[in-house]
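Structure first, then comments.
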Amino acid sequence: MLPREMRSRLFAHLLRYDGTRVEKIAVKLGDASYEVLIANGLLRNAGKRIVRRCGVPSRCVVITSPRVRKLWGRELERSLSAAKLPFALLTLPDGEQHKTLNTVDGLLKQMAAAGMDRSSLVIAFGGGMVGDVAGFAAATYMRGIPFVQVPTTLLAQVDASIGGKTGVNLPAGKNLVGSFHQPELVLIDPAVLSTLSDREYRAGFFEVIKCGVIRDQKLFAAIEKKPQSFLQRDTASVMKAITASVNVKAEVVSRDEREGGLRRILNFGHTIGHALEADGEYKRLLHGEAVGWGMMAAARLGAALGVTPQKVADRITDVVLKCGPLPRVNSEPAKIMRLIQSDKKTLHGVPHFVLPTAIGETTITANIPPAAIRKVVAGLNQLVAR
């Protein structure tokens with residue numbers, strides 16, 4: 001792996017480069033359609049891109065975290081000023097534990113104090129938590145105002161920023177309060193990933209693996225063949241991972257905006273993953289790490305039920321472990337079952353699982369014996385993360 005200093009210099013060079021190659025991926029939702037733009041150096045021209053799509057709003061607020069503001073805030077602020085966009089900066093505390101209604105309440109009060117009206121714009125500038133909370137604030141302020149996603153983590157770039165899911169957690173479970181509110185535009189600059197820790201980057205990469213399992217055999221095979229090229233942040237591999245994942249997410253969301261059917265496959269790894277995340281009080285596992293464990297659990301559950309061929313389950317487990325290390329889990333199976341029951345993917349008291357039938361194909365299964373779920377969770381406790 002390249003030393004961090006060398007990686008930072010490389011990505012800083014990419015950030016300065018104002019190239020013409022921009023990947024454009026459409027999320028086709030009728031009047032709510034928008035584009036996802038992907039390019040190294042895109043942050044430098046974010047303001048111009050926003051004006052091109054949204055015009056000049058009466059007021060903007062950039063909602064971000066202290067860490068993202070320190071690292072990349074100046075670059076975004078310059079681009080907004082160059083585009084003559086009036087803006088104020090609001091910050092959220094870092095950490096999933098702050099993804100709450102209290103945080104949204106504070107944001108809404110600050111937005112009102114900043115003079116935001118129905119022609120104003122919210123810019124979500126940060127990871128998945130910032131995007132979810134800022135998007136929810138935009139969805140509820142004056143019954144909904146426009147917002148733009150500028151994601152700064154791999155997890156947010158490949159998943160959370162696309163599809164319009166916004167919301168916050170309750171003590172009973174993750175994302176139990178929220179709204180579908182599609183962004184006007186998503187601007188993805190892979191160069192900002194240079195400041196992610198290895199752990200944060202890997203956590204996001206588990207969502208890339210998820211996209212390969214549910215919809216993209218070629219992506220999964222590329223990761224399986226050369227995982228290190230992705231984990232070492234090879235420029236071409238990073239672009240491939242992001243573009244392929246965004247294509248999967250955009251295609252699924254375009255066909256099922258509000259998770260009435262097909263979109264549910266995006267929850268692969270999330271049923272048990274969310275429960276593991278909540279069990280650790282959102283402190284022990286990052287979201288992507290919980291999804292990594294959840295994918296292995298779903299693969300093993302599918303194999304135990306005869307839905308997933310054992311070879312497929314083994315391939316999924318092997319790839320996830322190769323892209324670790326993952327923090328160990330030590331969860332009580334009965335508690336995980338209780339948390340699964342309160343998950344928003346549970347319908348009429350019955351948990352639903354997305355189970356792989358092949359690489360690139362899945363099925364949604366309900367009425368799984370609780371004993372089988374508890375056995376899989378107990379097995380995770382014994383699994384050694386590499």
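Each chain of the structure tokens is named A, B, ... in the order shown, its residues numbered from 1; ligands are numbered from 1 in display order.
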What lies within 8 Å of Leu266 (chain A) using only C-alpha atoms, ignoring chain neighbours under 4 positions off, as an MDAnalysis selection string? chainID A and resid 210:211 214 249
For region 295-299 of chain A: contacts at 9 Å, only C-alpha atoms, fewer than 3 positions along chain excluded, given as number ranges by chain: A: 206, 210, 268-273, 290-292, 302-304, 308-310, 312-314, 316-318, 320-321, 353-356, 373, 376-377, 379-380
Any chance you could export the current selection's C-alpha atoms as a PDB file, in the first residue's frame?
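Generated file (out01.pdb):
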```
ATOM      1  CA  PHE A 206     -18.325  -3.437   2.016  1.00  0.00           C
ATOM      2  CA  LYS A 210     -22.878  -5.649  -1.655  1.00  0.00           C
ATOM      3  CA  PHE A 268     -28.723  -7.282   1.521  1.00  0.00           C
ATOM      4  CA  GLY A 269     -26.672  -7.659   4.689  1.00  0.00           C
ATOM      5  CA  HIS A 270     -28.667  -5.009   6.529  1.00  0.00           C
ATOM      6  CA  THR A 271     -31.229  -7.048   8.471  1.00  0.00           C
ATOM      7  CA  ILE A 272     -28.734  -8.629  10.848  1.00  0.00           C
ATOM      8  CA  GLY A 273     -26.227  -5.832  10.155  1.00  0.00           C
ATOM      9  CA  ALA A 290     -22.016  -4.100  10.286  1.00  0.00           C
ATOM     10  CA  VAL A 291     -23.105  -4.674   6.674  1.00  0.00           C
ATOM     11  CA  GLY A 292     -19.974  -6.801   6.141  1.00  0.00           C
ATOM     12  CA  GLY A 302     -29.173 -18.805   2.806  1.00  0.00           C
ATOM     13  CA  ALA A 303     -26.874 -21.824   2.666  1.00  0.00           C
ATOM     14  CA  ALA A 304     -28.492 -23.328   5.764  1.00  0.00           C
ATOM     15  CA  THR A 308     -27.832 -20.064  -1.428  1.00  0.00           C
ATOM     16  CA  PRO A 309     -25.449 -22.584  -2.991  1.00  0.00           C
ATOM     17  CA  GLN A 310     -22.672 -23.332  -0.511  1.00  0.00           C
ATOM     18  CA  VAL A 312     -21.672 -18.890  -3.410  1.00  0.00           C
ATOM     19  CA  ALA A 313     -21.892 -18.446   0.359  1.00  0.00           C
ATOM     20  CA  ASP A 314     -18.222 -19.358   0.705  1.00  0.00           C
ATOM     21  CA  ILE A 316     -19.082 -14.060  -0.319  1.00  0.00           C
ATOM     22  CA  THR A 317     -17.600 -14.868   3.080  1.00  0.00           C
ATOM     23  CA  ASP A 318     -14.108 -15.138   1.642  1.00  0.00           C
ATOM     24  CA  VAL A 320     -15.682  -9.983   2.909  1.00  0.00           C
ATOM     25  CA  LEU A 321     -12.958 -11.403   5.145  1.00  0.00           C
ATOM     26  CA  PHE A 353     -34.041 -11.330   4.504  1.00  0.00           C
ATOM     27  CA  VAL A 354     -32.356 -10.668   1.181  1.00  0.00           C
ATOM     28  CA  LEU A 355     -30.583 -13.935   0.367  1.00  0.00           C
ATOM     29  CA  PRO A 356     -28.225 -14.536  -2.575  1.00  0.00           C
ATOM     30  CA  ILE A 373     -31.254 -16.942  12.674  1.00  0.00           C
ATOM     31  CA  VAL A 376     -26.163 -17.956  12.349  1.00  0.00           C
ATOM     32  CA  VAL A 377     -25.611 -15.118  14.843  1.00  0.00           C
ATOM     33  CA  GLY A 379     -21.714 -18.656  14.413  1.00  0.00           C
ATOM     34  CA  LEU A 380     -20.604 -15.085  13.740  1.00  0.00           C
TER      35      LEU A 380
END
```
Apply DSSP to the structure's backbone, then extract all residues of region 78-118 of chain A labelled alpha helix (DSSP H) and return them as a short mmCIF file (atom, residue, chain, number, x, y, z; two decimals) with N, CA and C atoms, in the first residue's frame.
```
data_model
loop_
_atom_site.label_atom_id
_atom_site.label_comp_id
_atom_site.auth_asym_id
_atom_site.auth_seq_id
_atom_site.Cartn_x
_atom_site.Cartn_y
_atom_site.Cartn_z
N ARG A 78 -14.78 27.99 -1.55
CA ARG A 78 -14.26 28.75 -2.69
C ARG A 78 -15.12 28.55 -3.93
N SER A 79 -15.54 27.31 -4.15
CA SER A 79 -16.33 27.04 -5.35
C SER A 79 -17.70 27.70 -5.26
N LEU A 80 -18.29 27.73 -4.06
CA LEU A 80 -19.59 28.38 -3.89
C LEU A 80 -19.46 29.88 -4.06
N SER A 81 -18.40 30.44 -3.49
CA SER A 81 -18.19 31.89 -3.63
C SER A 81 -17.94 32.27 -5.08
N ALA A 82 -17.15 31.45 -5.79
CA ALA A 82 -16.87 31.73 -7.20
C ALA A 82 -18.14 31.71 -8.04
N LEU A 101 -33.47 12.92 16.37
CA LEU A 101 -34.43 13.99 16.20
C LEU A 101 -33.97 15.27 16.88
N ASN A 102 -33.26 15.16 17.99
CA ASN A 102 -32.74 16.35 18.65
C ASN A 102 -31.77 17.11 17.75
N THR A 103 -30.95 16.37 17.02
CA THR A 103 -30.01 17.01 16.10
C THR A 103 -30.77 17.73 14.99
N VAL A 104 -31.79 17.08 14.44
CA VAL A 104 -32.59 17.71 13.39
C VAL A 104 -33.30 18.96 13.92
N ASP A 105 -33.82 18.87 15.12
CA ASP A 105 -34.48 20.02 15.73
C ASP A 105 -33.53 21.22 15.80
N GLY A 106 -32.30 20.98 16.22
CA GLY A 106 -31.32 22.06 16.28
C GLY A 106 -31.02 22.64 14.91
N LEU A 107 -30.91 21.77 13.91
CA LEU A 107 -30.65 22.24 12.55
C LEU A 107 -31.79 23.11 12.03
N LEU A 108 -33.02 22.66 12.22
CA LEU A 108 -34.17 23.40 11.71
C LEU A 108 -34.24 24.79 12.33
N LYS A 109 -33.92 24.89 13.60
CA LYS A 109 -33.94 26.20 14.26
C LYS A 109 -32.86 27.11 13.68
N GLN A 110 -31.69 26.54 13.39
CA GLN A 110 -30.61 27.33 12.79
C GLN A 110 -30.96 27.74 11.35
N MET A 111 -31.64 26.86 10.63
CA MET A 111 -32.06 27.20 9.27
C MET A 111 -33.05 28.36 9.28
N ALA A 112 -33.97 28.34 10.23
CA ALA A 112 -34.93 29.44 10.34
C ALA A 112 -34.21 30.74 10.72
N ALA A 113 -33.27 30.65 11.64
CA ALA A 113 -32.51 31.84 12.05
C ALA A 113 -31.67 32.40 10.91
#
```
With only C-alpha atoms counted and 12 Å as the cut-off, give the residues of region 31-54 of chain A in contact with region 60-63 of chain A, each with its shortest interatomic distance in Å and the pair that gives it, as JSON lines.
```
{"residue": "A:Gly47", "atom": "CA", "partner": "A:Cys60", "partner_atom": "CA", "distance": 11.1}
{"residue": "A:Ile50", "atom": "CA", "partner": "A:Cys60", "partner_atom": "CA", "distance": 10.9}
{"residue": "A:Val51", "atom": "CA", "partner": "A:Cys60", "partner_atom": "CA", "distance": 11.4}
{"residue": "A:Cys54", "atom": "CA", "partner": "A:Cys60", "partner_atom": "CA", "distance": 11.2}
```
Nearest residue to Glu289 (chain A) from the set A:Val213, A:Gly128, A:His98, A:Tyr201 (distances using only C-alpha atoms): A:Tyr201
Which residue is closest to Arg53 (chain A)? Choose from A:Met116, A:Lys165, A:Met129, A:Leu185 and count only C-alpha atoms. A:Leu185
Can you pull out the residues contacting Trp72 (chain A)? Cut-off 10 Å, using only C-alpha atoms, and skip same-chain residues under 2 positions away; I want them as a VMD selection string. chain A and resid 43 67 to 70 74 to 77 125 to 126 152 192 195
Considering only C-alpha atoms, return as a tab-separated table (two decimals) with C-alpha atoms, in the first residue's frame whatever protein or nucleic-acid residues lie within 9 Å of Val56 (chain A), sequence-local ones (same chain, fewer than 2 positions apart) excluded.
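Below you can see out_0.tsv, which holds the result:
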```tsv
chain	number	residue	atom	x	y	z
A	50	ILE	CA	-25.02	23.45	-8.48
A	51	VAL	CA	-25.99	26.72	-10.17
A	52	ARG	CA	-26.28	24.93	-13.51
A	54	CYS	CA	-30.54	24.60	-9.32
A	58	SER	CA	-32.23	32.86	-2.14
A	59	ARG	CA	-29.98	31.27	0.46
A	83	ALA	CA	-20.38	30.80	-8.34
A	84	LYS	CA	-21.81	33.73	-6.33
A	85	LEU	CA	-23.90	31.46	-4.12
A	86	PRO	CA	-24.90	33.03	-0.76
A	120	SER	CA	-33.46	28.12	-0.39
```
Test item, strand (DSSP E or B) assignment across region 101-191 of chain A, answer as a ChimeraX atom specification: /A:121-126,147-151,165-170,173-180,185-188
So how far away is CA of Arg143 (chain A) from CA of Ser119 (chain A), in Å? 12.0 Å
Kindly provide the residues of region 170-196 of chain A that approach region 250-264 of chain A to within 10 Å, each paired with its closest atom pair and their distance in Å to one decimal, based on only C-alpha atoms, listed by chain and increasing number, as a tab-separated table.
```
residue	atom	partner	partner_atom	distance
A:Ser179	CA	A:Arg258	CA	9.8
A:Phe180	CA	A:Arg258	CA	7.2
A:Gln182	CA	A:Glu257	CA	9.3
```
